[in-house]
Every structure is written in structure tokens, then in C-alpha cells.
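A quick write-up on the structure given underneath.
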Amino acid sequence: MSTLEIRDLHVSVETKEGAKQILRGVDLTVAAGETHAIMGPNGSGKSTLAYSIAGHPKYQITSGTVTLDGADVLAMSVDERARAGMFLAMQYPVEVPGVSVSNFLRTAKTAIDGQAPALRHWVKDVKQAMEQLRMGPEFAERNVNEGFSGGEKKRHEILQMELLKPKIAILDETDSGLDVDALRIVSEGVNRVAADGQVGVLLITHYTRILRYIKPDFVHVFVDGRIAEEGGPELADRLEAEGYDRFLASA
């Protein structure tokens, strides 16, 4: 059973005015079989946490540690983090012209596993996952994210997660821009991946609506680059009723 441990993480980003500190000492543990929701207002550092763990070069780790099953994640390149079992579903997935979804998925699976998947089983797995995500077969021949709607981009992110089978899945505002039907379909995909207890999910969101479909074990409130409060699902209900004002006032 895998465990992601974040200890006293400080992160800054370069701006025109110089380095600006975003994360100010984050402590968080995510184990396989657990779903953690990180909630907070805009600019609180939620996405910075996601991209820092994934290895985005824009974000500079100034102190702290991130380990996956005891291995130093911060010492790994981005592709090494992926092969180690880290997965990031991006808030704004980028277009990759000239690369079909089918080629992208099989290439990614081969890179992570170190060998190409058996073609017969792979085709069956891809077809089943796409059907469950309400994606027609023609979707596999389209270029990655090129001309995709917001809902199609997010379903493609979850398709990757289902097929690549990570140890830790970080979902950065997967609910952003989704209508009710797409939100339900995407949430069902996340729940399928989490159901076997082999993956830890870190779900970043502004709103509680996705938590009606994906039930978190833990909720963490992010304010000003720190975790301001932690609790169970009931904390999300309180945020729905009260908002973030009490946290912002104290910050």
C-alpha cells in the first residue's frame, strides 16, 4: 500500500517583482485507499501544491520534503515521478497536435510499465474505459485535446488515470467547467479507480458539488499557502454553508 508524505513544504514562484512565496509549510499524508479533498479560495496555493508535487519547473521548492513510499520525489525528474506512480489530472490540459489519443495512451502505458501492453488486452481495456466514460470509438483517433470541449478534456484525463493505474492521483479542479452530466460521469470514473483501494486520491476543488459524487475521507482547507483546518466530510458541508470568510479573516 503506497503512501505520499509531504512535510513542511515551502514553495515560491518567480514574478516580475522577484520570488513570491506561495506554500508556507504544508504537511499532508495521502495513503492508498484514501480520498483527500483540498478546498480553499482562489490564490490559496492548491494548484501550486499539485504542480510542485508533479515537478513543474515554474515552482521552486525552497524547503521541505515529498516522499512516495520512502523515495525522494523531489529528486526525481517529471517522467521518473510518473513511473514511480504519480499522476496529475490538469486543470487546463494542453493540446498535442499530430498525436492521436490512442497512440498517446499506449505510449504512456509503455513508458510507465517499461514494456508495451499486450495488444489484445489493451484494446479491450481502452474500449471498456471509454464506454464507461461515454466516449465514442472515434474519440481515440482524435488528436490529444485538440478541439476538445471542456468535458471531453476532463474525461480524457480520467481515461488516462483508469488505464495508467497510478499509486497517487492528484486531480486539479477536475470539476472546473463541467456541466452536471459530465461531472457525474467524471466522478464515476474517479470512484471506479478508487474502488479497489490501491490508489490514493488528492482532489483539489473550490466547490462542494463534486463531493456529492466523490466522498472524501478527509477534507483540508487551504488558506494563504497553509492548511488552516482539517476534518472529515462534515467540514465540506460547513464550507458549503459558511464559505471561507472565517479563514480569510484570520489570515
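If you're wondering about the labels, chains in the C-alpha cells are A, B, ... by order shown, residues count from 1 in each chain, ligands from 1 in order shown.
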Tell me which protein, DNA and RNA residues are within 12 Å of Asp224 in chain A, counting only C-alpha atoms, leaving out same-chain ones fewer than 4 positions away, and put them as a PyMOL selection string. chain A and resi 10+21-26+39-46+48+228+244+247-251
Name the residues in contact with Glu5 in chain A at a cut-off of 10 Å, using only C-alpha atoms, excluding same-chain residues fewer than 4 positions from it; report them as an NGL selection string. :A and (27-31 or 65-73)
Keeping only all heavy atoms, write those residues as a short mmCIF file (atom, residue, chain, number, x, y, z; two decimals), in the first residue's frame.
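So the final result, stored in part21.cif, reads:
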data_model
loop_
_atom_site.label_atom_id
_atom_site.label_comp_id
_atom_site.auth_asym_id
_atom_site.auth_seq_id
_atom_site.Cartn_x
_atom_site.Cartn_y
_atom_site.Cartn_z
N ASP A 27 1.96 20.18 5.50
CA ASP A 27 2.13 18.80 5.97
C ASP A 27 0.89 18.01 5.58
O ASP A 27 -0.23 18.41 5.92
CB ASP A 27 2.30 18.75 7.49
CG ASP A 27 3.61 19.36 7.95
OD1 ASP A 27 4.67 18.76 7.69
OD2 ASP A 27 3.57 20.44 8.57
N LEU A 28 1.11 16.91 4.86
CA LEU A 28 -0.02 16.13 4.37
C LEU A 28 0.44 14.70 4.08
O LEU A 28 1.53 14.50 3.53
CB LEU A 28 -0.58 16.77 3.09
CG LEU A 28 -1.83 16.16 2.48
CD1 LEU A 28 -3.02 16.31 3.43
CD2 LEU A 28 -2.14 16.83 1.15
N THR A 29 -0.38 13.74 4.45
CA THR A 29 -0.11 12.33 4.14
C THR A 29 -1.31 11.75 3.43
O THR A 29 -2.44 11.85 3.91
CB THR A 29 0.18 11.52 5.42
OG1 THR A 29 1.32 12.08 6.08
CG2 THR A 29 0.46 10.07 5.08
N VAL A 30 -1.07 11.15 2.26
CA VAL A 30 -2.13 10.52 1.47
C VAL A 30 -1.74 9.06 1.25
O VAL A 30 -0.70 8.77 0.64
CB VAL A 30 -2.31 11.22 0.11
CG1 VAL A 30 -3.43 10.54 -0.68
CG2 VAL A 30 -2.62 12.70 0.30
N ALA A 31 -2.56 8.15 1.74
CA ALA A 31 -2.28 6.72 1.60
C ALA A 31 -3.23 6.08 0.59
O ALA A 31 -4.32 6.60 0.33
CB ALA A 31 -2.42 6.02 2.96
N THR A 65 10.06 18.29 2.31
CA THR A 65 10.26 17.01 1.63
C THR A 65 8.95 16.48 1.08
O THR A 65 7.87 16.76 1.62
CB THR A 65 10.86 15.96 2.58
OG1 THR A 65 9.94 15.74 3.67
CG2 THR A 65 12.21 16.42 3.13
N VAL A 66 9.06 15.70 0.00
CA VAL A 66 7.94 14.94 -0.55
C VAL A 66 8.47 13.55 -0.85
O VAL A 66 9.43 13.39 -1.62
CB VAL A 66 7.39 15.57 -1.84
CG1 VAL A 66 6.22 14.73 -2.37
CG2 VAL A 66 6.94 17.01 -1.59
N THR A 67 7.87 12.53 -0.25
CA THR A 67 8.31 11.16 -0.49
C THR A 67 7.13 10.29 -0.90
O THR A 67 6.00 10.51 -0.46
CB THR A 67 8.98 10.54 0.74
OG1 THR A 67 8.05 10.51 1.83
CG2 THR A 67 10.23 11.32 1.14
N LEU A 68 7.40 9.31 -1.73
CA LEU A 68 6.43 8.30 -2.13
C LEU A 68 7.01 6.94 -1.76
O LEU A 68 8.04 6.54 -2.32
CB LEU A 68 6.13 8.37 -3.62
CG LEU A 68 5.15 7.31 -4.16
CD1 LEU A 68 3.79 7.43 -3.49
CD2 LEU A 68 5.02 7.42 -5.68
N ASP A 69 6.41 6.29 -0.80
CA ASP A 69 6.92 5.02 -0.29
C ASP A 69 8.38 5.13 0.13
O ASP A 69 9.19 4.22 -0.10
CB ASP A 69 6.75 3.92 -1.34
CG ASP A 69 5.30 3.69 -1.71
OD1 ASP A 69 4.42 3.97 -0.87
OD2 ASP A 69 5.03 3.25 -2.84
N GLY A 70 8.72 6.27 0.72
CA GLY A 70 10.06 6.50 1.23
C GLY A 70 11.04 7.06 0.22
O GLY A 70 12.13 7.51 0.60
N ALA A 71 10.70 7.05 -1.07
CA ALA A 71 11.60 7.56 -2.12
C ALA A 71 11.42 9.07 -2.25
O ALA A 71 10.29 9.59 -2.17
CB ALA A 71 11.32 6.88 -3.44
N ASP A 72 12.52 9.78 -2.47
CA ASP A 72 12.51 11.24 -2.56
C ASP A 72 11.93 11.68 -3.90
O ASP A 72 12.59 11.62 -4.94
CB ASP A 72 13.94 11.77 -2.41
CG ASP A 72 14.01 13.29 -2.39
OD1 ASP A 72 12.96 13.95 -2.51
OD2 ASP A 72 15.14 13.83 -2.26
N VAL A 73 10.70 12.14 -3.88
CA VAL A 73 10.02 12.57 -5.11
C VAL A 73 10.71 13.80 -5.71
O VAL A 73 10.84 13.93 -6.93
CB VAL A 73 8.53 12.87 -4.83
CG1 VAL A 73 7.86 13.51 -6.03
CG2 VAL A 73 7.80 11.58 -4.45
#
Nearby residues (only C-alpha atoms) at most 10 Å from Gly189 in chain A, same-chain spacing under 6 positions excluded, as a PyMOL selection string: chain A and resi 129+132-133+155+158-159+161-162+183+195+214
Can you work out the spacing between CA of Glu242 in chain A and CA of Gly200 in chain A in Å, to one decimal?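 Atom-to-atom, CA of Glu242 in chain A and CA of Gly200 in chain A are spaced 28.3 Å apart.
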Output as number ranges by chain all residues of range 29-110 of chain A that backbone DSSP marks as strand (DSSP E or B). A: 29-31, 35-39, 59-68, 71-72, 86-89, 96-100
In terms of only C-alpha atoms, the residue from A:Glu14, A:Glu34, A:Asp181, A:Glu80 at minimal distance from Phe218 in chain A is A:Glu34
Show which residues sit within 9 Å of Ile61 in chain A, as a PDB file with N, CA and C atoms, in the first residue's frame. Count only C-alpha atoms, and ignore same-chain residues fewer than 3 positions away.
ATOM      1  N   LEU A   9       6.466  21.677   3.527  1.00  0.00           N
ATOM      2  CA  LEU A   9       6.786  22.075   2.157  1.00  0.00           C
ATOM      3  C   LEU A   9       6.598  23.586   1.959  1.00  0.00           C
ATOM      4  N   HIS A  10       7.671  24.231   1.520  1.00  0.00           N
ATOM      5  CA  HIS A  10       7.652  25.649   1.172  1.00  0.00           C
ATOM      6  C   HIS A  10       7.976  25.782  -0.313  1.00  0.00           C
ATOM      7  N   VAL A  11       7.176  26.568  -1.021  1.00  0.00           N
ATOM      8  CA  VAL A  11       7.353  26.713  -2.470  1.00  0.00           C
ATOM      9  C   VAL A  11       7.202  28.180  -2.849  1.00  0.00           C
ATOM     10  N   SER A  12       8.068  28.641  -3.743  1.00  0.00           N
ATOM     11  CA  SER A  12       7.974  30.006  -4.254  1.00  0.00           C
ATOM     12  C   SER A  12       7.930  29.982  -5.771  1.00  0.00           C
ATOM     13  N   VAL A  13       7.521  31.089  -6.352  1.00  0.00           N
ATOM     14  CA  VAL A  13       7.460  31.228  -7.803  1.00  0.00           C
ATOM     15  C   VAL A  13       8.044  32.582  -8.175  1.00  0.00           C
ATOM     16  N   SER A  52       3.753  21.426  -7.892  1.00  0.00           N
ATOM     17  CA  SER A  52       5.042  21.240  -7.226  1.00  0.00           C
ATOM     18  C   SER A  52       5.341  19.763  -7.043  1.00  0.00           C
ATOM     19  N   GLY A  64      11.561  21.605   2.721  1.00  0.00           N
ATOM     20  CA  GLY A  64      10.569  20.560   2.933  1.00  0.00           C
ATOM     21  C   GLY A  64      10.864  19.327   2.102  1.00  0.00           C
ATOM     22  N   THR A  65      10.058  18.295   2.308  1.00  0.00           N
ATOM     23  CA  THR A  65      10.261  17.013   1.631  1.00  0.00           C
ATOM     24  C   THR A  65       8.947  16.475   1.084  1.00  0.00           C
ATOM     25  N   LEU A  74      11.167  14.711  -4.864  1.00  0.00           N
ATOM     26  CA  LEU A  74      11.741  15.969  -5.350  1.00  0.00           C
ATOM     27  C   LEU A  74      13.059  15.758  -6.087  1.00  0.00           C
TER      28      LEU A  74
END
Taking 2 positions as the minimum chain separation for residues in the same chain, which residues sit within 10 Å of Asp79 in chain A when counting only C-alpha atoms? Answer as a short mmCIF file (atom, residue, chain, number, x, y, z; two decimals) with C-alpha atoms, in the first residue's frame.
data_model
loop_
_atom_site.label_atom_id
_atom_site.label_comp_id
_atom_site.auth_asym_id
_atom_site.auth_seq_id
_atom_site.Cartn_x
_atom_site.Cartn_y
_atom_site.Cartn_z
CA ALA A 54 4.35 16.79 -10.20
CA GLY A 55 7.61 18.65 -10.88
CA MET A 76 13.08 12.69 -9.49
CA SER A 77 12.54 14.10 -12.97
CA ARG A 81 7.69 10.67 -10.89
CA ALA A 82 5.15 9.30 -13.36
CA ARG A 83 6.90 5.92 -13.50
CA ALA A 84 7.04 5.87 -9.69
CA MET A 86 2.37 9.79 -9.53
CA ALA A 111 6.76 4.24 -20.75
CA ILE A 112 5.33 3.74 -17.26
#
